[in-house]
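Quick notes on the structure that follows.
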Amino acid sequence: MKQTLITLVKDKPGVLNRISSLFRRRNFNIESLVVGRSETPGISRITIVTNETDSTKRGNIYFNLLKLINVISVRDVTTLPCIAREYVLIKVHVDTDKLNDINDVTKKFGARIVDMGKGSVIIEAAEEEKVITDLIKNLSQFNIAEIMRTGKIAMRRGVAENNSCLSSNNNQENAHWTVDQINHYLNS
Amino acid sequence: MEYHTSKKVLTGAEIIWECLLQEKVSVVFGYPGGAILPAYDALTKYKGRIHHVLTRHEQGATHMADGYARASGSVGVAMATSGPGATNMITGLATAMMDSSPIVCITGQVPRPFIGTDAFQETDIVGAAIPVTKHSYLIMDISELAATIREAFYIARSGRPGPVLIDIPKDVQSDSIEFNYPETTIDLPGYYLPKDPLEKQIQSAVELIDNAKKPVIFAGHGVLLSGASSEIIELAEKSGIPIATTLLGIGSVPDSHPLVLGMMGMHGQAWTNRAIQDADLIIACGMRFDDRVTGNLKTYSPNSKKIHVEIDASEFNKNVRVDLPVHCDVKTFLNAIIPHIQQNNHRRWLEDISVWQQDSQQRDIVNTGSPTLMGAQVIRKIWEGTKGDAIVVTDVGQHQMLEAQYYDHEKPRTLLTSGGLGTMGFSLPAGIGASFYGSDKEVWIIVGDGSIQMTITELATAVQENVNINIAIINNGYLGMVRQWQQMFYGARYAETPISSPDYVKIAEAYGLSGQRVIHIDEILPAMKKAQQTNGPSLIEFVVEKHDMVYPMVPAGADLHDMIQRPHNNKPLAQQKVKKEALK
C-alpha cells in the first residue's frame, strides 16, 4: 500500500521547493503531490503519496517533513479510513458513430462527458485511483489523444483528529511524540 | 534601552545592526560588496558596539562564525554580499548544518525589481542553500525584517541548532520604517521542540540500564549542546557504566575520567570499538549513528539493546534500529533517569575492557622512540605544552584523527572540528572565530599541509585582527588521509596526493606573523613556548614522517570489530601490508 500523508503548510513562497528538495535530497520517492488552499487563509493543505514500502523509511519521511519549519503538521493516513480521489480529464478523438459506445463506458465508471467538439470529446472523472486507471484502460479502445491526471487528494472520515488547521492544542499534542507514536513509525 | 521606548524610524540596514545588538551579538565576520553596501555603510554608526572582522573569503567568514559558535555556545554571525559572496558561504553553511552549529548568515541580494532578471551578482541563494540550512529567508518587505532576524536567531540556537540564512535585497536595506524589536513570543506553529520524556520511557530506560551486564554510554555532540556533561558523568558513576564518545562528543566528558573510554568509530580506540561490539546495552545520547561511527550496519553491536536519546526525531532508526527512542533533550532525559538508576559497578565488564586497552597501548607509536618526528608525538607534546587545557581547532585528515586520539580533553567546547562534512580548510578560520569568544584558554589550530593551503588566505585576517592563535602545521608532504587509503585500498598508487608546500616560515613572515620550523621532538616544547609568549598569531611547521598511518582503522563499510591495528613491531611504515580479509 502506498504511503499517503496529509500535511498543512504555511503558504509561503518556496515551501513546495523545500518539500521537493527534501524528497530529492533524502532519496525519497514522491508518487504525487497535490497542493491547494485550505479552510484557513495563509495555510495550504497538501496530499503527498510516496511509493516507499519500508516502514522505517516511511517514518523517516514523516519526521523529516515535520522537521521543515514551514510544515505545520503531518498526518500519515495510509491505514486510516479516508476518502481518496484523483481527478482526470481525457480527450478522445472520435467519429460520431462511436459516441454511444464512449457514452456507455463513461457512464459505467461514473465519469461524464464535459465537452463535445468536432471529432473529439473530453471526459472528466473524480474517482479512486483504480477506477480512473480502469476507465482509461476501457477508453483505450478509442483514440485517446490527451490525458491530464492529478495526483491523489485525501481526507479523513469522521470528526476525530480531523487534521484541521491551527488550533494551538493540536500543536501542543504534536510537539511531543509518545513511545507508541514513534514506535508506530519506527518499529512497526 | 532607548530604542524600545522612543520610536525611531530606521533604515533596513540600521535595523539589521539594531537586531544584532538585541541578540547580544558583539562580533560579525564578513566581507562587503555591492548588494550589502547599505548594511556596511550603516555599520559605521555602530563602531564600538559591534566589531566587524574583515575576512579574506566568505567561506572563511562562515567558518569563523561557526568556530565562534562552537567555542561560545552562542550564535555566530557572518555577512556577505549577493552572488559569489553568498555562494562562497555554501561550504560553511553545510559544515555548520552537518555539525548542528548555530550560525546566522546575512547576505545582500539584488534590489527587488531586479530579482529574477539575472542581474549583476544575482544568485538564488535561498534556493541554493535549502539543503544546507536549517531554515532560510528572503525578506521582501522591510516590515518583516526585525521579526525575521529575531526568528532566525531563535531557530538557529534552539532545538537541534543549525545554520539560518537571511537574504536581504539591497532596496530593503535602504527602505525605512519605524523600528521596534518584537517582544512577543515567537509564533512558529510548525516548529516543535521536544518536552520531557514520558514516565513509560523513563521506566523502560531504567529497567534496561539496571539489567544490563555489558552496557556502554555514548556521549555525542548533543551532550555538549544540551550542557549535560556533569549529568552524563553522574549517570556513569552511579551505574558504573563506561562512556564512549563520538568525534564531536569529545570534551563533553573528561578524558582523564576512569570511566571514559575515548572515541569510537573508524579511527576510534580499539578497546572502545570492541566494547561496543560486545555490549548488551547502548545508551546513545545526542548522536546520530554516523557511518564513521558504525561501520557495517549489519554487524554493528549485534547483541545490544539500544536506547537512543535524541532531540531530532528524524534521526531515529535512520541508520541503526533502536529499541527505545526517546525524543528529548539529553540533559532532561538524564535528570529524569538518574534518581531511579541502581548503584552499580560493572567490575567484570570494565576488567574485560582494560585488557583490550593494554594490548593497544603496547602498539602505541608514541612509545617507539622513532628518530623521525611522528604526527602523534607532535599532538601529544602539544597536549603536554598546553596542559591539556587549550581550545584545539583541527582541520580534516590524519592530524584530525591523531588529535582525537592523542589530545585528552577535559572540558566541554575545547575541541572544534568539522566532523560531519569533513571540510578541509575549516581550522584556520574557525580558530580565528573561536579566539573572539574571549575565553582565557589559548587557541591551538592543528592543521595539515593540505588543509592549511585551502584557506591560508585567512592568515591576513589573523594578522589584521592580531588574534592570539597558535597554528601548528603537521606537514607530511601528502594529503595524508587520502594517501593512507591509497596505500591500503588502492595498491599504493599515490594519485595526486603528494603535495608541495610553500616555505611556511617565510609565508608567516610575509604575512607578518612569527613562524618557526620544527623537525625534532626535542624542539617541540621550546617552539611552543615561544609561540605561546607571542602576542598575536604565530605559526609552527612540524615536519613529520611522510608515510605514517592513523591506527586503528576500520575500513569504510567493514565490521567495527575488524580493526586494522598498528602492528606490534612498528616495521617501516611504508611497507606494511594490510591483510586482505580485513578489508572485505
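Ordered as shown in the C-alpha cells, chains take letters A, B, and onward, while each chain numbers its residues from 1 and ligands are numbered from 1 in the order shown.
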Please report as a tab-separated table (two decimals) with C-alpha atoms, in the first residue's frame which residues of chain B come no farther than 8 Å from chain A, using only C-alpha atoms.
```tsv
chain	number	residue	atom	x	y	z
B	127	GLY	CA	17.13	28.17	-3.23
B	130	ILE	CA	17.82	25.00	1.22
B	131	PRO	CA	19.54	21.62	1.61
B	135	HIS	CA	15.91	27.39	7.59
B	188	LEU	CA	6.15	29.15	14.77
B	189	PRO	CA	3.37	26.58	14.68
B	190	GLY	CA	5.46	24.20	12.59
B	191	TYR	CA	8.48	24.21	14.88
B	192	TYR	CA	8.42	21.52	17.52
B	193	LEU	CA	10.70	21.39	20.49
B	194	PRO	CA	10.52	18.19	22.47
B	195	LYS	CA	9.50	18.29	26.10
B	198	LEU	CA	7.33	10.17	29.34
B	200	LYS	CA	6.91	4.99	30.41
B	201	GLN	CA	10.12	5.85	28.61
B	313	ALA	CA	13.11	12.66	15.78
B	314	SER	CA	14.17	12.21	12.17
B	315	GLU	CA	17.37	10.59	13.45
B	316	PHE	CA	15.54	7.63	14.96
B	317	ASN	CA	16.18	4.44	13.01
B	318	LYS	CA	17.79	6.39	10.20
B	321	ARG	CA	17.37	0.29	14.52
B	324	LEU	CA	13.84	2.68	22.86
B	325	PRO	CA	13.77	6.02	21.07
B	326	VAL	CA	13.46	8.94	23.47
B	327	HIS	CA	12.61	12.20	21.76
```
* Contacts of Thr50 of chain A at 10 Å (only C-alpha atoms; same-chain gap of 5+ positions) as a ChimeraX atom specification -> /A:1-5,23,28-33,58,61
What are the closest atom pairs, with distances in Å to one decimal, for each residue of segment 27-95 of chain A lying within 12 Å of segment 99-122 of chain A, using only C-alpha atoms, rows by chain and rising residue number, as JSON lines?
```
{"residue": "A:Tyr87", "atom": "CA", "partner": "A:Ala111", "partner_atom": "CA", "distance": 10.1}
{"residue": "A:Val88", "atom": "CA", "partner": "A:Ala111", "partner_atom": "CA", "distance": 9.4}
{"residue": "A:Leu89", "atom": "CA", "partner": "A:Ile122", "partner_atom": "CA", "distance": 6.6}
{"residue": "A:Ile90", "atom": "CA", "partner": "A:Ile122", "partner_atom": "CA", "distance": 5.4}
{"residue": "A:Lys91", "atom": "CA", "partner": "A:Ile122", "partner_atom": "CA", "distance": 4.4}
{"residue": "A:Val92", "atom": "CA", "partner": "A:Val121", "partner_atom": "CA", "distance": 5.4}
{"residue": "A:His93", "atom": "CA", "partner": "A:Ser120", "partner_atom": "CA", "distance": 4.3}
{"residue": "A:Val94", "atom": "CA", "partner": "A:Gly119", "partner_atom": "CA", "distance": 5.2}
{"residue": "A:Asp95", "atom": "CA", "partner": "A:Gly119", "partner_atom": "CA", "distance": 5.8}
```
Next, dump the selected residues to file, keeping only N, CA and C atoms, as a PDB file, in the first residue's frame.
```
ATOM      1  N   TYR A  87      -8.480  13.190  -9.937  1.00  0.00           N
ATOM      2  CA  TYR A  87      -9.306  13.816 -10.964  1.00  0.00           C
ATOM      3  C   TYR A  87      -8.594  13.652 -12.293  1.00  0.00           C
ATOM      4  N   VAL A  88      -9.404  13.412 -13.356  1.00  0.00           N
ATOM      5  CA  VAL A  88      -8.756  13.243 -14.653  1.00  0.00           C
ATOM      6  C   VAL A  88      -9.593  13.905 -15.762  1.00  0.00           C
ATOM      7  N   LEU A  89      -8.909  14.452 -16.739  1.00  0.00           N
ATOM      8  CA  LEU A  89      -9.545  14.898 -17.990  1.00  0.00           C
ATOM      9  C   LEU A  89      -8.953  14.043 -19.115  1.00  0.00           C
ATOM     10  N   ILE A  90      -9.848  13.471 -19.940  1.00  0.00           N
ATOM     11  CA  ILE A  90      -9.381  12.624 -21.043  1.00  0.00           C
ATOM     12  C   ILE A  90      -9.998  13.131 -22.341  1.00  0.00           C
ATOM     13  N   LYS A  91      -9.131  13.437 -23.289  1.00  0.00           N
ATOM     14  CA  LYS A  91      -9.652  13.844 -24.599  1.00  0.00           C
ATOM     15  C   LYS A  91      -9.565  12.652 -25.557  1.00  0.00           C
ATOM     16  N   VAL A  92     -10.713  12.341 -26.187  1.00  0.00           N
ATOM     17  CA  VAL A  92     -10.744  11.222 -27.122  1.00  0.00           C
ATOM     18  C   VAL A  92     -11.118  11.748 -28.508  1.00  0.00           C
ATOM     19  N   HIS A  93     -10.309  11.430 -29.477  1.00  0.00           N
ATOM     20  CA  HIS A  93     -10.658  11.754 -30.863  1.00  0.00           C
ATOM     21  C   HIS A  93     -11.606  10.673 -31.366  1.00  0.00           C
ATOM     22  N   VAL A  94     -12.764  11.066 -31.900  1.00  0.00           N
ATOM     23  CA  VAL A  94     -13.791  10.061 -32.117  1.00  0.00           C
ATOM     24  C   VAL A  94     -14.692  10.434 -33.287  1.00  0.00           C
ATOM     25  N   ASP A  95     -15.145   9.412 -33.991  1.00  0.00           N
ATOM     26  CA  ASP A  95     -16.153   9.637 -35.027  1.00  0.00           C
ATOM     27  C   ASP A  95     -17.528   9.583 -34.371  1.00  0.00           C
TER      28      ASP A  95
END
```
* Just the residues within 8 Å of segment 156-159 of chain A, please, counting only C-alpha atoms, with nothing from its chain fewer than 6 positions along; format it as a count of residues only. => 5
Taking only C-alpha atoms into account, produce a table as a Markdown table in which each residue of segment 370-439 of chain B with an atom at most 12 Å from an atom of segment 478-502 of chain B appears once, together with its shortest atom pair and the distance in Å to one decimal, ordered by chain and rising number.
```
| residue | atom | partner | partner_atom | distance |
| --- | --- | --- | --- | --- |
| B:Gly375 | CA | B:Gly480 | CA | 10.7 |
| B:Asp395 | CA | B:Met481 | CA | 11.8 |
| B:Val396 | CA | B:Met481 | CA | 8.7 |
| B:Gly397 | CA | B:Met481 | CA | 5.2 |
| B:Gln398 | CA | B:Met481 | CA | 5.1 |
| B:His399 | CA | B:Gly480 | CA | 8.5 |
| B:Gln400 | CA | B:Met481 | CA | 9.7 |
| B:Met401 | CA | B:Met481 | CA | 9.5 |
| B:Leu402 | CA | B:Met481 | CA | 11.0 |
| B:Gly422 | CA | B:Met481 | CA | 11.7 |
| B:Met424 | CA | B:Leu479 | CA | 10.6 |
```
Determine which residues of segment 103-171 of chain A receive a DSSP assignment of strand (DSSP E or B), computed from the backbone, and state them as an mmCIF file with C-alpha atoms, in the first residue's frame.
```
data_model
loop_
_atom_site.group_PDB
_atom_site.id
_atom_site.type_symbol
_atom_site.label_atom_id
_atom_site.label_comp_id
_atom_site.auth_asym_id
_atom_site.auth_seq_id
_atom_site.Cartn_x
_atom_site.Cartn_y
_atom_site.Cartn_z
ATOM 1 C CA ARG A 112 -19.073 12.301 -17.647
ATOM 2 C CA ILE A 113 -18.585 13.966 -20.973
ATOM 3 C CA VAL A 114 -17.959 17.649 -20.380
ATOM 4 C CA ASP A 115 -17.160 18.795 -23.867
ATOM 5 C CA MET A 116 -18.216 17.599 -27.269
ATOM 6 C CA GLY A 117 -16.442 19.189 -30.212
ATOM 7 C CA SER A 120 -13.388 14.980 -30.106
ATOM 8 C CA VAL A 121 -14.883 14.693 -26.641
ATOM 9 C CA ILE A 122 -13.472 15.496 -23.213
ATOM 10 C CA ILE A 123 -14.362 13.189 -20.353
ATOM 11 C CA GLU A 124 -13.885 14.026 -16.701
ATOM 12 C CA ALA A 125 -13.850 11.763 -13.675
ATOM 13 C CA ALA A 126 -13.185 12.237 -9.967
ATOM 14 C CA GLU A 127 -12.717 8.767 -8.575
ATOM 15 C CA ASN A 143 -8.411 7.084 -29.863
ATOM 16 C CA ILE A 144 -7.198 8.751 -26.662
ATOM 17 C CA ALA A 145 -5.433 11.984 -27.589
ATOM 18 C CA GLU A 146 -4.638 13.536 -24.207
ATOM 19 C CA ILE A 147 -4.777 12.595 -20.552
ATOM 20 C CA MET A 148 -4.451 15.146 -17.752
ATOM 21 C CA ARG A 149 -4.468 13.425 -14.413
ATOM 22 C CA ILE A 153 -6.166 14.078 -2.635
ATOM 23 C CA ALA A 154 -7.360 12.558 0.602
ATOM 24 C CA MET A 155 -9.476 13.459 3.605
ATOM 25 C CA ARG A 156 -10.080 11.500 6.760
#
```
* Asked: Hey, what's within 8 Å of Ile16 of chain B if we count only C-alpha atoms and toss same-chain stuff fewer than 4 positions away? As a ChimeraX atom specification, please?
  -> /B:12,20,39,145-146,149
File dump, residues just selected, N, CA and C atoms, as a short mmCIF file (atom, residue, chain, number, x, y, z; two decimals), in the first residue's frame:
```cif
data_model
loop_
_atom_site.label_atom_id
_atom_site.label_comp_id
_atom_site.auth_asym_id
_atom_site.auth_seq_id
_atom_site.Cartn_x
_atom_site.Cartn_y
_atom_site.Cartn_z
N GLY B 12 16.49 49.85 6.77
CA GLY B 12 16.64 48.40 6.90
C GLY B 12 18.05 48.04 7.34
N LEU B 20 20.94 42.79 15.66
CA LEU B 20 22.10 42.03 16.12
C LEU B 20 22.47 42.43 17.54
N ALA B 39 24.14 48.02 4.34
CA ALA B 39 24.37 47.48 5.69
C ALA B 39 25.76 47.89 6.18
N LEU B 145 11.44 42.60 8.50
CA LEU B 145 12.88 42.44 8.74
C LEU B 145 13.21 42.10 10.20
N ALA B 146 12.76 42.94 11.12
CA ALA B 146 13.15 42.74 12.53
C ALA B 146 12.63 41.41 13.05
N ILE B 149 14.68 38.49 11.65
CA ILE B 149 16.01 38.31 12.23
C ILE B 149 15.88 37.65 13.61
#
```
* **Residue contacts of Gly36 of chain A (7 Å, only C-alpha atoms) excluding same-chain residues fewer than 4 positions away, as a ChimeraX atom specification** => /A:44-46
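Residues surrounding segment 344-360 of chain B within 9 Å are Asp210, Lys213, Lys214, Pro215, Glu237, Lys238, Ser239, Gly240, Ile241, Pro242, Leu259, Leu261, Gln269, Ala270, Trp271, Thr272, Arg274, Ala275, Pro552, Gln565 and Arg566 of chain B [only C-alpha atoms; sequence separation below 6 positions excluded].
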